$ cat entry-v4.cif   # mmCIF, C-alpha atoms and all ligand atoms
data_entry
loop_
_atom_site.group_PDB
_atom_site.id
_atom_site.type_symbol
_atom_site.label_atom_id
_atom_site.label_comp_id
_atom_site.auth_asym_id
_atom_site.auth_seq_id
_atom_site.Cartn_x
_atom_site.Cartn_y
_atom_site.Cartn_z
ATOM 1 C CA MET A 5 94.431 87.933 118.645
ATOM 2 C CA LYS A 6 93.932 89.594 115.267
ATOM 3 C CA THR A 7 93.736 93.356 115.327
ATOM 4 C CA TYR A 8 91.552 95.152 112.828
ATOM 5 C CA VAL A 9 91.775 98.917 112.549
ATOM 6 C CA VAL A 10 89.743 101.490 110.679
ATOM 7 C CA TYR A 11 91.471 104.436 108.995
ATOM 8 C CA PRO A 12 88.694 106.910 108.136
ATOM 9 C CA GLY A 13 88.951 110.030 106.025
ATOM 10 C CA THR A 14 87.786 111.982 103.036
ATOM 11 C CA PHE A 15 90.847 111.087 100.912
ATOM 12 C CA ASP A 16 89.969 113.675 98.275
ATOM 13 C CA PRO A 17 92.336 112.654 96.741
ATOM 14 C CA VAL A 18 94.789 110.216 98.326
ATOM 15 C CA THR A 19 98.282 111.677 98.871
ATOM 16 C CA PHE A 20 101.679 110.219 99.817
ATOM 17 C CA GLY A 21 100.850 111.343 103.390
ATOM 18 C CA HIS A 22 97.823 109.013 103.572
ATOM 19 C CA ILE A 23 99.807 106.198 101.927
ATOM 20 C CA ASP A 24 102.591 106.641 104.495
ATOM 21 C CA ILE A 25 100.093 106.246 107.365
ATOM 22 C CA VAL A 26 98.562 103.098 105.816
ATOM 23 C CA GLU A 27 102.011 101.571 105.267
ATOM 24 C CA ARG A 28 102.912 102.169 108.924
ATOM 25 C CA SER A 29 99.577 100.821 110.209
ATOM 26 C CA SER A 30 99.721 97.723 108.032
ATOM 27 C CA LYS A 31 103.040 96.743 109.642
ATOM 28 C CA ILE A 32 101.575 96.867 113.160
ATOM 29 C CA PHE A 33 98.005 95.639 112.720
ATOM 30 C CA ASN A 34 96.661 92.546 110.970
ATOM 31 C CA GLN A 35 94.126 94.301 108.780
ATOM 32 C CA VAL A 36 93.619 97.971 107.916
ATOM 33 C CA ILE A 37 90.171 99.013 106.723
ATOM 34 C CA ILE A 38 90.195 102.287 104.821
ATOM 35 C CA ALA A 39 86.804 103.914 105.407
ATOM 36 C CA ILE A 40 86.061 106.639 102.891
ATOM 37 C CA ALA A 41 83.572 109.145 104.289
ATOM 38 C CA GLN A 42 80.673 109.618 101.877
ATOM 39 C CA ASN A 43 79.018 112.456 103.752
ATOM 40 C CA SER A 44 82.054 114.627 104.375
ATOM 41 C CA PHE A 45 81.393 118.273 105.207
ATOM 42 C CA LYS A 46 84.389 119.104 103.046
ATOM 43 C CA LYS A 47 82.323 118.902 99.814
ATOM 44 C CA PRO A 48 84.713 116.530 98.021
ATOM 45 C CA LEU A 49 85.786 117.077 94.441
ATOM 46 C CA PHE A 50 85.763 113.334 93.675
ATOM 47 C CA THR A 51 82.812 110.946 94.135
ATOM 48 C CA PRO A 52 83.154 108.175 96.745
ATOM 49 C CA ASP A 53 83.660 105.656 93.922
ATOM 50 C CA GLU A 54 86.419 107.741 92.339
ATOM 51 C CA ARG A 55 88.151 108.151 95.711
ATOM 52 C CA LYS A 56 87.805 104.419 96.343
ATOM 53 C CA GLU A 57 89.305 103.550 92.967
ATOM 54 C CA MET A 58 92.278 105.888 93.475
ATOM 55 C CA MET A 59 92.832 104.524 96.987
ATOM 56 C CA SER A 60 92.773 100.901 95.749
ATOM 57 C CA LYS A 61 95.323 101.666 93.069
ATOM 58 C CA ALA A 62 97.569 103.642 95.428
ATOM 59 C CA LEU A 63 97.564 100.852 98.028
ATOM 60 C CA SER A 64 97.763 97.846 95.707
ATOM 61 C CA HIS A 65 101.257 97.022 97.075
ATOM 62 C CA ILE A 66 99.879 96.421 100.604
ATOM 63 C CA HIS A 67 98.211 93.019 101.062
ATOM 64 C CA ASN A 68 96.386 93.519 104.383
ATOM 65 C CA VAL A 69 94.262 96.513 103.386
ATOM 66 C CA THR A 70 90.552 96.668 102.555
ATOM 67 C CA ILE A 71 88.964 99.724 100.945
ATOM 68 C CA ASP A 72 85.417 100.584 101.939
ATOM 69 C CA SER A 73 83.190 103.638 102.284
ATOM 70 C CA PHE A 74 80.701 104.605 104.968
ATOM 71 C CA GLU A 75 77.820 106.946 105.680
ATOM 72 C CA GLY A 76 76.782 108.261 109.063
ATOM 73 C CA LEU A 77 78.715 108.096 112.314
ATOM 74 C CA LEU A 78 82.172 106.583 112.347
ATOM 75 C CA ILE A 79 81.484 104.786 115.622
ATOM 76 C CA ASP A 80 78.438 103.067 114.119
ATOM 77 C CA TYR A 81 80.586 101.929 111.209
ATOM 78 C CA CYS A 82 83.249 100.607 113.618
ATOM 79 C CA LYS A 83 80.629 98.679 115.597
ATOM 80 C CA LYS A 84 79.346 97.113 112.403
ATOM 81 C CA LYS A 85 82.892 96.075 111.504
ATOM 82 C CA GLU A 86 83.559 94.888 115.090
ATOM 83 C CA CYS A 87 86.589 97.112 115.181
ATOM 84 C CA LYS A 88 87.805 98.954 118.294
ATOM 85 C CA ILE A 89 90.740 100.949 116.982
ATOM 86 C CA VAL A 90 90.612 104.043 114.782
ATOM 87 C CA ILE A 91 93.773 105.304 113.093
ATOM 88 C CA ARG A 92 94.283 108.987 112.403
ATOM 89 C CA GLY A 93 97.299 110.754 110.967
ATOM 90 C CA LEU A 94 98.858 113.665 112.813
ATOM 91 C CA ARG A 95 100.647 116.272 110.799
ATOM 92 C CA ALA A 96 102.314 119.416 112.096
ATOM 93 C CA ILE A 97 100.551 121.054 115.045
ATOM 94 C CA THR A 98 97.559 122.217 112.971
ATOM 95 C CA ASP A 99 95.851 118.795 113.213
ATOM 96 C CA PHE A 100 96.089 118.524 116.961
ATOM 97 C CA GLU A 101 93.100 120.580 118.065
ATOM 98 C CA TYR A 102 90.631 119.048 115.596
ATOM 99 C CA GLU A 103 91.842 115.486 116.167
ATOM 100 C CA PHE A 104 91.806 115.976 119.952
ATOM 101 C CA GLN A 105 88.202 117.183 119.776
ATOM 102 C CA MET A 106 87.121 114.324 117.478
ATOM 103 C CA ALA A 107 88.818 111.595 119.507
ATOM 104 C CA LEU A 108 87.371 112.781 122.819
ATOM 105 C CA THR A 109 83.889 113.365 121.368
ATOM 106 C CA ASN A 110 83.871 109.861 119.878
ATOM 107 C CA ARG A 111 84.996 108.495 123.243
ATOM 108 C CA LYS A 112 82.177 110.351 124.965
ATOM 109 C CA ILE A 113 79.627 108.841 122.556
ATOM 110 C CA SER A 114 81.090 105.386 123.001
ATOM 111 C CA ASP A 115 83.997 104.364 125.235
ATOM 112 C CA GLN A 116 84.578 101.146 123.311
ATOM 113 C CA PHE A 117 87.013 102.682 120.837
ATOM 114 C CA GLU A 118 90.496 104.063 120.995
ATOM 115 C CA THR A 119 91.982 106.487 118.511
ATOM 116 C CA VAL A 120 95.601 105.781 117.663
ATOM 117 C CA PHE A 121 97.608 108.625 116.122
ATOM 118 C CA MET A 122 100.454 108.103 113.729
ATOM 119 C CA MET A 123 102.955 110.611 112.433
ATOM 120 C CA PRO A 124 103.992 110.453 108.791
ATOM 121 C CA ASN A 125 107.493 110.841 107.453
ATOM 122 C CA GLU A 126 108.399 114.497 108.008
ATOM 123 C CA ALA A 127 108.489 115.031 104.251
ATOM 124 C CA TYR A 128 104.687 114.668 104.245
ATOM 125 C CA SER A 129 103.892 116.360 107.528
ATOM 126 C CA TYR A 130 102.732 119.557 105.820
ATOM 127 C CA LEU A 131 100.869 117.876 102.971
ATOM 128 C CA SER A 132 97.084 118.022 102.558
ATOM 129 C CA SER A 133 94.582 117.070 99.839
ATOM 130 C CA LYS A 134 93.362 120.676 99.936
ATOM 131 C CA ILE A 135 96.753 122.182 99.105
ATOM 132 C CA ILE A 136 97.252 119.642 96.313
ATOM 133 C CA LYS A 137 93.990 120.747 94.687
ATOM 134 C CA GLU A 138 94.968 124.392 95.001
ATOM 135 C CA ILE A 139 98.337 123.814 93.328
ATOM 136 C CA VAL A 140 96.771 121.919 90.407
ATOM 137 C CA SER A 141 94.030 124.510 89.929
ATOM 138 C CA LEU A 142 96.782 127.145 89.631
ATOM 139 C CA GLY A 143 98.645 125.111 87.017
ATOM 140 C CA GLY A 144 101.383 123.663 89.265
ATOM 141 C CA ARG A 145 102.934 120.194 89.352
ATOM 142 C CA ILE A 146 102.362 117.835 92.276
ATOM 143 C CA SER A 147 104.287 114.734 91.255
ATOM 144 C CA GLN A 148 106.268 114.656 94.512
ATOM 145 C CA PHE A 149 103.067 114.619 96.596
ATOM 146 C CA VAL A 150 100.724 112.116 94.910
ATOM 147 C CA PRO A 151 100.986 109.059 92.617
ATOM 148 C CA GLU A 152 101.166 109.928 88.922
ATOM 149 C CA PHE A 153 97.656 108.650 88.134
ATOM 150 C CA VAL A 154 96.183 110.881 90.869
ATOM 151 C CA GLU A 155 97.878 113.928 89.370
ATOM 152 C CA LYS A 156 96.356 113.037 85.982
ATOM 153 C CA LYS A 157 92.875 112.602 87.475
ATOM 154 C CA LEU A 158 93.158 115.984 89.177
ATOM 155 C CA GLN A 159 94.272 117.688 85.985
ATOM 156 C CA GLU A 160 91.243 116.225 84.199
ATOM 157 C CA LYS A 161 88.852 117.395 86.931
ATOM 158 C CA LEU A 162 90.210 120.869 87.509
HETATM 159 P P1 LIG B 201 89.328 114.056 107.067
HETATM 160 O O1 LIG B 201 88.182 114.768 106.393
HETATM 161 O O2 LIG B 201 88.902 112.861 107.865
HETATM 162 O O3 LIG B 201 90.258 114.945 107.816
HETATM 163 P P2 LIG B 201 91.542 113.639 105.222
HETATM 164 O O4 LIG B 201 91.576 112.829 103.983
HETATM 165 O O5 LIG B 201 91.885 115.066 105.130
HETATM 166 O O6 LIG B 201 90.093 113.402 105.825
HETATM 167 O O7 LIG B 201 92.479 112.975 106.301
HETATM 168 C C1 LIG B 201 92.276 111.654 106.749
HETATM 169 C C2 LIG B 201 93.282 111.346 107.837
HETATM 170 O O8 LIG B 201 94.581 111.355 107.263
HETATM 171 C C3 LIG B 201 93.307 112.372 108.977
HETATM 172 O O9 LIG B 201 93.617 111.696 110.167
HETATM 173 C C4 LIG B 201 94.431 113.299 108.582
HETATM 174 O O10 LIG B 201 95.019 113.898 109.728
HETATM 175 C C5 LIG B 201 95.392 112.296 107.948
HETATM 176 N N1 LIG B 201 96.266 112.949 106.967
HETATM 177 C C6 LIG B 201 95.933 113.737 105.933
HETATM 178 N N2 LIG B 201 97.037 114.149 105.255
HETATM 179 C C7 LIG B 201 98.087 113.587 105.917
HETATM 180 C C8 LIG B 201 99.508 113.653 105.754
HETATM 181 N N3 LIG B 201 100.068 114.408 104.806
HETATM 182 N N4 LIG B 201 100.256 112.963 106.600
HETATM 183 C C9 LIG B 201 99.698 112.226 107.589
HETATM 184 N N5 LIG B 201 98.386 112.138 107.835
HETATM 185 C C10 LIG B 201 97.583 112.808 106.997
#
$ encode --input "entry-v4.cif" --output "structure tokens" --more "lines below"
Ligand code: ADP
Amino acid sequence: MKTYVVYPGTFDPVTFGHIDIVERSSKIFNQVIIAIAQNSFKKPLFTPDERKEMMSKALSHIHNVTIDSFEGLLIDYCKKKECKIVIRGLRAITDFEYEFQMALTNRKISDQFETVFMMPNEAYSYLSSKIIKEIVSLGGRISQFVPEFVEKKLQEKL
């Protein structure tokens, strides 16, 4: 049986932490669908198209990945894609409470999905898109956290 999984997120912008999670997922599942949230409450810096383009470039070395974007509820998107597994990354303890709440709320709305959590390499377990943007806006370098082209895009934007 082929297993399709959805990895949803804002990805504003993609970091080595996200890439690490996709690399791990792509080794276990047949196809990983990256679902970029269009209506994120985080007020993204980049448009969905810009985030999609960066994601495609960052993941071009992985063959079983599809990049997509979605509006509305994640579970509705998963139903449309006939996908029953959602991947989420778990960093240091800070993610636990939010992810716990999301996973159980989604399960309450529909019990046809499971959320699978993956831990990144410890080098990325403290990394977030938010901190990356803060560093760039203060004039710092982020080359060890994101691909070079993402750093350039951020410097242009900020
Ligand atoms: P969201 O708005 O859905 O939290 P993010 O782009 O911040 O969007 O994160 C998407 C997913 O990737 C979440 O599951 C988040 O926990 C995970 N993630 C973000 N940064 C990292 C990282 N450095 N290492 C592992 N997982 C991460």
$ atom_distance --input "entry-v4.cif" --atom1 "atom C6 of ligand LIG 201 (chain B)" --atom2 "CA of Thr98 in chain A"
11.1 Å
$ resolve_selection --input "entry-v4.cif" --expression "the PyMOL selection byres (((not hetatm)) within 8 of (chain B and resi 201))" --output "MDAnalysis selection string"
chainID A and resid 11:22 24:25 41 44:46 91:95 99 103 121:125 128:134
$ resolve_selection --input "entry-v4.cif" --expression "the PyMOL selection byres (((chain A and resi 83) around 12) and not hetatm)" --output "compact mmCIF listing (two decimals) with C-alpha atoms, keeping the file's coordinate frame"
# COMPACT_ATOMS: atom_id res chain seq x y z
CA TYR A 8 91.55 95.15 112.83
CA VAL A 9 91.78 98.92 112.55
CA VAL A 10 89.74 101.49 110.68
CA LEU A 77 78.72 108.10 112.31
CA LEU A 78 82.17 106.58 112.35
CA ILE A 79 81.48 104.79 115.62
CA ASP A 80 78.44 103.07 114.12
CA TYR A 81 80.59 101.93 111.21
CA CYS A 82 83.25 100.61 113.62
CA LYS A 84 79.35 97.11 112.40
CA LYS A 85 82.89 96.08 111.50
CA GLU A 86 83.56 94.89 115.09
CA CYS A 87 86.59 97.11 115.18
CA LYS A 88 87.80 98.95 118.29
CA ILE A 89 90.74 100.95 116.98
CA VAL A 90 90.61 104.04 114.78
CA SER A 114 81.09 105.39 123.00
CA ASP A 115 84.00 104.36 125.24
CA GLN A 116 84.58 101.15 123.31
CA PHE A 117 87.01 102.68 120.84
$ residues_around --input "entry-v4.cif" --residues "Ile71 in chain A" --least-positions-apart "4" --cutoff "12 Å" --atoms "all atoms listed in the file" --output "short mmCIF file (atom, residue, chain, number, x, y, z; two decimals) with C-alpha atoms, in the frame of the given file"
data_model
loop_
_atom_site.label_atom_id
_atom_site.label_comp_id
_atom_site.auth_asym_id
_atom_site.auth_seq_id
_atom_site.Cartn_x
_atom_site.Cartn_y
_atom_site.Cartn_z
CA VAL A 9 91.78 98.92 112.55
CA VAL A 10 89.74 101.49 110.68
CA TYR A 11 91.47 104.44 109.00
CA PRO A 12 88.69 106.91 108.14
CA GLY A 13 88.95 110.03 106.02
CA PHE A 15 90.85 111.09 100.91
CA VAL A 26 98.56 103.10 105.82
CA GLN A 35 94.13 94.30 108.78
CA VAL A 36 93.62 97.97 107.92
CA ILE A 37 90.17 99.01 106.72
CA ILE A 38 90.20 102.29 104.82
CA ALA A 39 86.80 103.91 105.41
CA ILE A 40 86.06 106.64 102.89
CA ALA A 41 83.57 109.14 104.29
CA PRO A 52 83.15 108.18 96.74
CA ASP A 53 83.66 105.66 93.92
CA ARG A 55 88.15 108.15 95.71
CA LYS A 56 87.80 104.42 96.34
CA GLU A 57 89.30 103.55 92.97
CA MET A 58 92.28 105.89 93.48
CA MET A 59 92.83 104.52 96.99
CA SER A 60 92.77 100.90 95.75
CA LYS A 61 95.32 101.67 93.07
CA ALA A 62 97.57 103.64 95.43
CA LEU A 63 97.56 100.85 98.03
CA SER A 64 97.76 97.85 95.71
CA ILE A 66 99.88 96.42 100.60
CA HIS A 67 98.21 93.02 101.06
#
$ resolve_selection --input "entry-v4.cif" --expression "the PyMOL selection byres (((chain A and resi 158) around 10) and not hetatm)" --output "list of chain:residue names"
A:Asp16, A:Pro17, A:Leu49, A:Phe50, A:Ile136, A:Lys137, A:Val140, A:Ser141, A:Ile146, A:Phe153, A:Val154, A:Glu155, A:Lys156, A:Lys157, A:Gln159, A:Glu160, A:Lys161, A:Leu162
$ atom_distance --input "entry-v4.cif" --atom1 "CA of Asp72 in chain A" --atom2 "CA of Met106 in chain A"
20.8 Å
$ closest_residue --input "entry-v4.cif" --among "A:Thr70, A:Lys6, A:Arg111, A:Ile23" --to "Pro151 in chain A" --atoms "only C-alpha atoms"
A:Ile23
$ atom_distance --input "entry-v4.cif" --atom1 "CA of Asn34 in chain A" --atom2 "CA of Thr7 in chain A"
5.3 Å
$ closest_residue --input "entry-v4.cif" --among "A:Lys112, A:Phe100, A:Glu27, A:Glu126" --to "His65 in chain A" --atoms "all atoms listed in the file"
A:Glu27
$ residues_near_point --input "entry-v4.cif" --point "(74.2, 111.6, 106.1)" --cutoff "7 Å" --atoms "all atoms listed in the file" --output "ChimeraX atom specification"
/A:43,75-76
